[in-house]
Structure formats: structure tokens, C-alpha cells
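What follows is one structure encoded as C-alpha cells, with my remarks underneath.
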Amino acid sequence: MASAPAEVPSHFLCPISLQLMRDPVTLPTGISYDRAAISRWLAAPAPAGGRTCPVTRVPLPPQPQPQPQLTPNHTLRRLIHSWLASLSPGAEVDEDVAALRAPASGAEVAALLSDAAAARVEALKRLRELVAECEDNRAVLESQDGVFDALSRVVSSGDACSTAREEAVGVLASLRIPGPELAGVVARYINLGEALTAVLRSSNLKPRANAVLLVRSLSEAAWPAWVIGLSPELLAEVVRVVRDRISSRATKAALHALAALCPHGRTRVKIVGAGAVPALVDLLLDDPERRVCELALAALDRLCTCAEGRAELVTHAAGLAVVGKQVLRVSDVASERAVRVLRSVARHAATPAVLQEMAQSGVVAKLCAALRSEQCGLKTKEKAHEVLKLHSRTWRASPCLSPKFWGLYPS
């Protein structure tokens with residue numbers, strides 16, 4: 001007697017299609033759907049669809065892009081794949097479950113990689129899809145000999161079409177590339193930076209996001225000679241990712257890349273020249289999430305170690321004010337980094353006009369409050385004390401400092 005097909009847990013089923021979710025995404029209402037099904041719903045006119053949550057019927061907020069409120073539900077996706085992996089090999093399952101359960105074989109991935117190495121777009125797309133389906137597929141691809149070299153060759157190839165290069169960047173960005181492999185890639189393909197610049201200039205957002213993820217990995221692993229040799233055009237495109245707010249993940253990757261590149265003096269000056277400081281200030285003005293704020297301040301801190309970075313910050317109409325605003329507002333990490341930025345300015349760019357602006361914009365008051373706050377760590381307090389003591393004569397006599405802060409000011 002044949003056994004009944006394995007029953008799929010109800011919370012793994014899409015509320016629209018009632019099928020096992022392949023790519024679960026969550027709406028702002030907290031309800032998860034399969035991406036394909038909810039995308040069709042959102043694109044359809046009312047009453048068959050529209051910009052409402054199908055389950056709760058709550059209207060979704062207007063968005064500047066077609067469907068940016070679809071947040072990947074990685075936890076649910078992992079749970080689904082864990083459940084699929086737990087099924088016994090002989091268990092009877094429905095077709096849609098079987099399609100998701102079976103990971104790609106090594107032979108299948110090797111054949112696809114061979115075609116992908118020849119810059120065949122369909123093979124590259126299929127590799128990217130396989131990696132996105134499950135961790136097992138990604139591990140199989142990462143285990144293939146020469147995989148990173150083959151994909152990097154496509155990215156750097158002048159003969160490959162732009163679509164093939166973008167797909168190859170997408171696959172590379174999704175893989176865990178060991179540091180030695182990354183270093184080898186930049187050594188063998190000297191035009192890799194130029195190729196990534198072209199992808200970062202794409203009119204499509206996804207390739208740009210993938211390219212900046214790859215730039216981050218390369219920035220953190222490559223040797224100084226490669227970093228110093230990066231073109232101003234590539235750095236300008238990384239800054240543009242920050243400015244354009246492609247996605248939270250892309251913004252974080254761009255900020256990580258900028259921070260990783262800053263320790264190299266020549267590159268730091270080129271990043272400033274690419275407009276990084278005003279882009280970071282504008283990002284902070286938008287009140288980003290905590291992690292983005294911390295990363296933006298980390299990049300600003302490193303950029304302000306050079307005169308060009310400090311000059312850009314103090315000439316921005318909101319530069320000092322928005323940095324001071326982050327003290328005691330976001331996290332201890334953000335407070336320390338903001339105080340570090342202010343200390344760089346106070347040490348090396350403290351003109352009378354700058355000191356007056358710091359008093360008028362509330363920066364001095366924030367530093368005074370930080371000294372007595374339990375939210376700030378010892379290092380942050382020490383740096384705040386140093387800044388306040390450095391210009392005590394100017395600020396203690398300033399009419400911009402409220403009397404309530406006089407008692408907090410260090411003697």
C-alpha cells in the first residue's frame with residue numbers, strides 16, 4: 001500500500017498559491033508570501049490584486065520603486081530547506097516539494113561552470129539561481145576547482161557581453177571566497193577594477209548591489225598595492241551606491257568597502273575627492289538604521305584623519321551638527337565614533353568659525369552631556385573630555401552654551 005505524500009507544514013505554504021514557498025518574502029504587515037505570487041498580486045489592478053496585503057487587506061505604503069517592501073525571509077527559507085533535508089530519501093512528495101528538495105549534483109554544477117566560463121549567459125543565470133536556492137548548492141559550486149578564477153575571468157573579459165559580466169558578478173558576490181583566492185584574483189586580473197566600475201554603472205540596481213558586495217570582499221582581502229591603484233572612477237561609483245540607497249545590504253557593503261579602503265592614505269584622499277563626505281552626511285541626515293549609522297560614522301572617522309576629509313565636513317552646512325546629533329542617540333558605538341570625528345575636527349580644523357558653529361549647533365552641549373551619561377563608555381568620555389578641555393576658554397565664555405551645562409563642563 002502506497003504511503004501518503006509528506007504533508008507540508010501549513011506555515012511553509014504561500015497564503016496566495018497554497019504551494020510550498022520557494023522564495024519567501026515578508027510584507028510590512030508581517031505576513032510572508034512566495035515572491036512570485038505576491039509580485040503578481042501587487043502588479044495586478046484591484047480588486048484582483050493591488051497594493052494591499054492579501055491576508056490582512058491593510059493598504060501598503062506608497063513606494064518610489066515597484067516592489068521594495070518585499071523583505072527576504074531568510075529564517076523561513078532556512079526552515080523550509082531544513083525540513084526538506086529531514087525527509088527520508090524514499091519519502092513520497094509532491095512535485096513542487098521534490099523540485100526544491102534535491103540539491104544540484106556535482107556533475108551538473110561542473111557542466112554549468114564549464115559553460116559559464118565561456119561567458120554563456122544562461123549558464124551563469126542558472127548558477128546564480130542554484131546558489132540562491134540552498135546552502136548545499138552553494139557549497140557544491142564553491143568546491144569546484146577553479147570556480148573563482150573562471151568567474152573572475154568572465155567579469156574581466158573584454159569579449160563577454162555586459163549581461164554575462166553582470167551575471168558573473170552576481171554569482172561571485174553570493175559565494176564565500178577565501179582570502180587567498182581573492183588576493184590571487186586581483187593579482188591575475190589587473191583590469192578587474194575597471195570591469196567592476198562598468199558593472200557599477202549599470203542601469204539595473206541588482207548588478208550594482210552585487211558589484212559593491214564584491215568590491216567590499218576585495219577591499220578587505222587585497223594587498224595595499226591593489227587598493228592604492230584603484231581608480232577614482234571606481235571609488236566614485238561606490239560612493240554613488242551610498243548616495244542612491246539601492247538597498248540596505250548594498251549600502252552597508254559600500255560603507256564597509258569605504259572604511260576598509262580608508263587606511264591607505266592616497267586612496268583616502270581619492271575617496272574624499274569622490275564626494276564621500278557629503279554623501280555620508282546626507283545619509284546620516286536621513287536617520288538610517290543603527291548599523292548603517294555606525295558604519296557611516298566609522299567611514300567618516302577614517303576620512304577625517306586627513307585634512308581634505310575634515311575640510312569637506314566643516315564646509316558642509318549640516319556636517320558638524322549631524323555628527324554631534326549621533327552622540328547619545330543611537331548606540332555607544334555610534335557615540336564613540338561621532339566623538340572621534342569631532343575630536344579630529346577640534347584638534348586639526350578648529351578655526352574660530354568652526355568652534356562657534358560647534359557651540360551654536362549643540363555639539364558642545366552634547367559633549368558635556370556625554371561626560372555624565374551612563375550610556376557612554378569610558379573611552380567615549382575620555383575623548384569628549386579632551387575635546388571640551390582643548391577649547392575650554394572659547395566655549396565656557398560662549399553665550400550659546402546654556403547655563404545648565406556649565407556644571408557639566410570640565411574644569
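Identifiers in the C-alpha cells: chain A, B, ... in order shown; residue index from 1 per chain; ligand index from 1 in order shown.
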
Long-range neighbours of region 307-323 of chain A as a PyMOL selection string, 8 Å cut-off, only C-alpha atoms, 3 positions minimum in chain = chain A and resi 269+272+277-278+281+284-285+297+300+303-304+326-327+338+341-342+344-345+348-349+354+357-358+361-363

Which residues come within 12 Å of Lys379 (chain A), counting only C-alpha atoms, excluding same-chain residues fewer than 2 positions away, as a list in words?
-> Asp332, Val333, Ser335, Glu336, Arg337, Val339, Arg340, Ala370, Leu371, Gln375, Cys376, Gly377, Lys381, Glu382, Lys383, Ala384, His385 and Glu386 of chain A

Region 239-358 of chain A residues near region 70-88 of chain A within 12 Å, closest pair each, using only C-alpha atoms, as a tab-separated table:
```
residue	atom	partner	partner_atom	distance
A:Ser247	CA	A:Thr71	CA	10.6
A:Ser248	CA	A:Thr71	CA	10.6
A:Arg249	CA	A:Thr71	CA	11.3
```

Could you please take those selected residues and save N, CA, C and O atoms as an mmCIF file, in the first residue's frame?
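For reference, selection-v7.cif as written:
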```
data_model
loop_
_atom_site.group_PDB
_atom_site.id
_atom_site.type_symbol
_atom_site.label_atom_id
_atom_site.label_comp_id
_atom_site.auth_asym_id
_atom_site.auth_seq_id
_atom_site.Cartn_x
_atom_site.Cartn_y
_atom_site.Cartn_z
ATOM 1 N N SER A 247 19.841 49.553 -1.694
ATOM 2 C CA SER A 247 19.231 48.640 -0.720
ATOM 3 C C SER A 247 20.040 48.752 0.556
ATOM 4 O O SER A 247 21.179 49.248 0.549
ATOM 5 N N SER A 248 19.461 48.285 1.648
ATOM 6 C CA SER A 248 20.176 48.333 2.917
ATOM 7 C C SER A 248 21.452 47.511 2.850
ATOM 8 O O SER A 248 22.511 47.932 3.327
ATOM 9 N N ARG A 249 21.375 46.334 2.222
ATOM 10 C CA ARG A 249 22.547 45.457 2.140
ATOM 11 C C ARG A 249 23.642 46.101 1.297
ATOM 12 O O ARG A 249 24.824 46.056 1.647
#
```

7 Å contact set for Thr197 (chain A), only C-alpha atoms, chain neighbours under 6 positions out, as a list of chain:residue names = A:Glu233, A:Leu234, A:Glu237

When you draw a straight line from CA of Asn210 (chain A) to CA of Glu167 (chain A), how long is it in Å?
->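 Taking CA of Asn210 (chain A) and CA of Glu167 (chain A), their separation equals 9.2 Å.
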
Pick out the closest residue to Ala123 (chain A) from this set: A:Phe148, A:Pro224, A:Ala164, A:Thr267. Count only C-alpha atoms.
-> A:Ala164

Hey, what's within 9 Å of region 170-172 of chain A if we count only C-alpha atoms and toss same-chain stuff fewer than 6 positions away? As a list in words, please?
-> Leu124, Lys125, Leu127, Arg128, Glu129, Val131, Phe148, Leu151, Ser152, Lys206, Pro207, Ala209, Asn210, Ala211 and Leu214 of chain A

For Gln19 (chain A), list every protein, DNA or RNA residue within 9 Å, evaluated using only C-alpha atoms, and leave out those in the same chain fewer than 2 positions away; present the list as number ranges by chain.
-> A: 8, 12-17, 21-22, 34, 96-97

Selected residue, from A:Arg240, A:Arg120, A:Arg176, A:Arg35, that lies nearest to Leu218 (chain A) when counting only C-alpha atoms =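 Ranking A:Arg240, A:Arg120, A:Arg176, A:Arg35 by distance to Leu218 (chain A), first place goes to A:Arg176.
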
Excluding same-chain residues fewer than 4 positions from Leu213 (chain A), what lies within 7 Å of it counting only C-alpha atoms, as an MDAnalysis selection string?
-> chainID A and resid 173 209 217 250 253

Store the residues picked out above in a file with C-alpha atoms, as a short mmCIF file (atom, residue, chain, number, x, y, z; two decimals), in the first residue's frame.
```cif
data_model
loop_
_atom_site.label_atom_id
_atom_site.label_comp_id
_atom_site.auth_asym_id
_atom_site.auth_seq_id
_atom_site.Cartn_x
_atom_site.Cartn_y
_atom_site.Cartn_z
CA ALA A 173 29.05 38.07 -4.78
CA ALA A 209 24.36 45.89 -5.50
CA SER A 217 35.23 41.49 -0.25
CA ALA A 250 24.23 47.35 -0.70
CA ALA A 253 28.57 46.83 1.78
#
```

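Among the candidates A:Cys262, A:Ala104, A:Ala254, A:Ala187, the residue lying nearest to Arg208 (chain A) is A:Ala254 (atoms considered: only C-alpha atoms).
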
Hey, what does DSSP flag as helix (DSSP H, G or I) within region 17-266 of chain A? Can you give it to me as a ChimeraX atom specification?
-> /A:35-43,74-86,95-101,106-117,121-133,135-142,147-156,162-173,179-188,192-200,205-221,224-228,232-244,248-261,265-266

In Å, with one decimal, what is the gap from CA of Leu20 (chain A) to CA of Tyr33 (chain A)?
-> 9.8 Å

Excluding Pro263 (chain A) and residues on its chain fewer than 6 positions from it, collect all residues at most 12 Å away from it, counting only C-alpha atoms, and give them as a PyMOL selection string.
-> chain A and resi 219-220+224+227-228+257+269-271+298-306

What is the CA of Ala365 (chain A) to CA of Lys389 (chain A) distance in Å?
->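 Atom-to-atom, CA of Ala365 (chain A) and CA of Lys389 (chain A) are spaced 13.2 Å apart.
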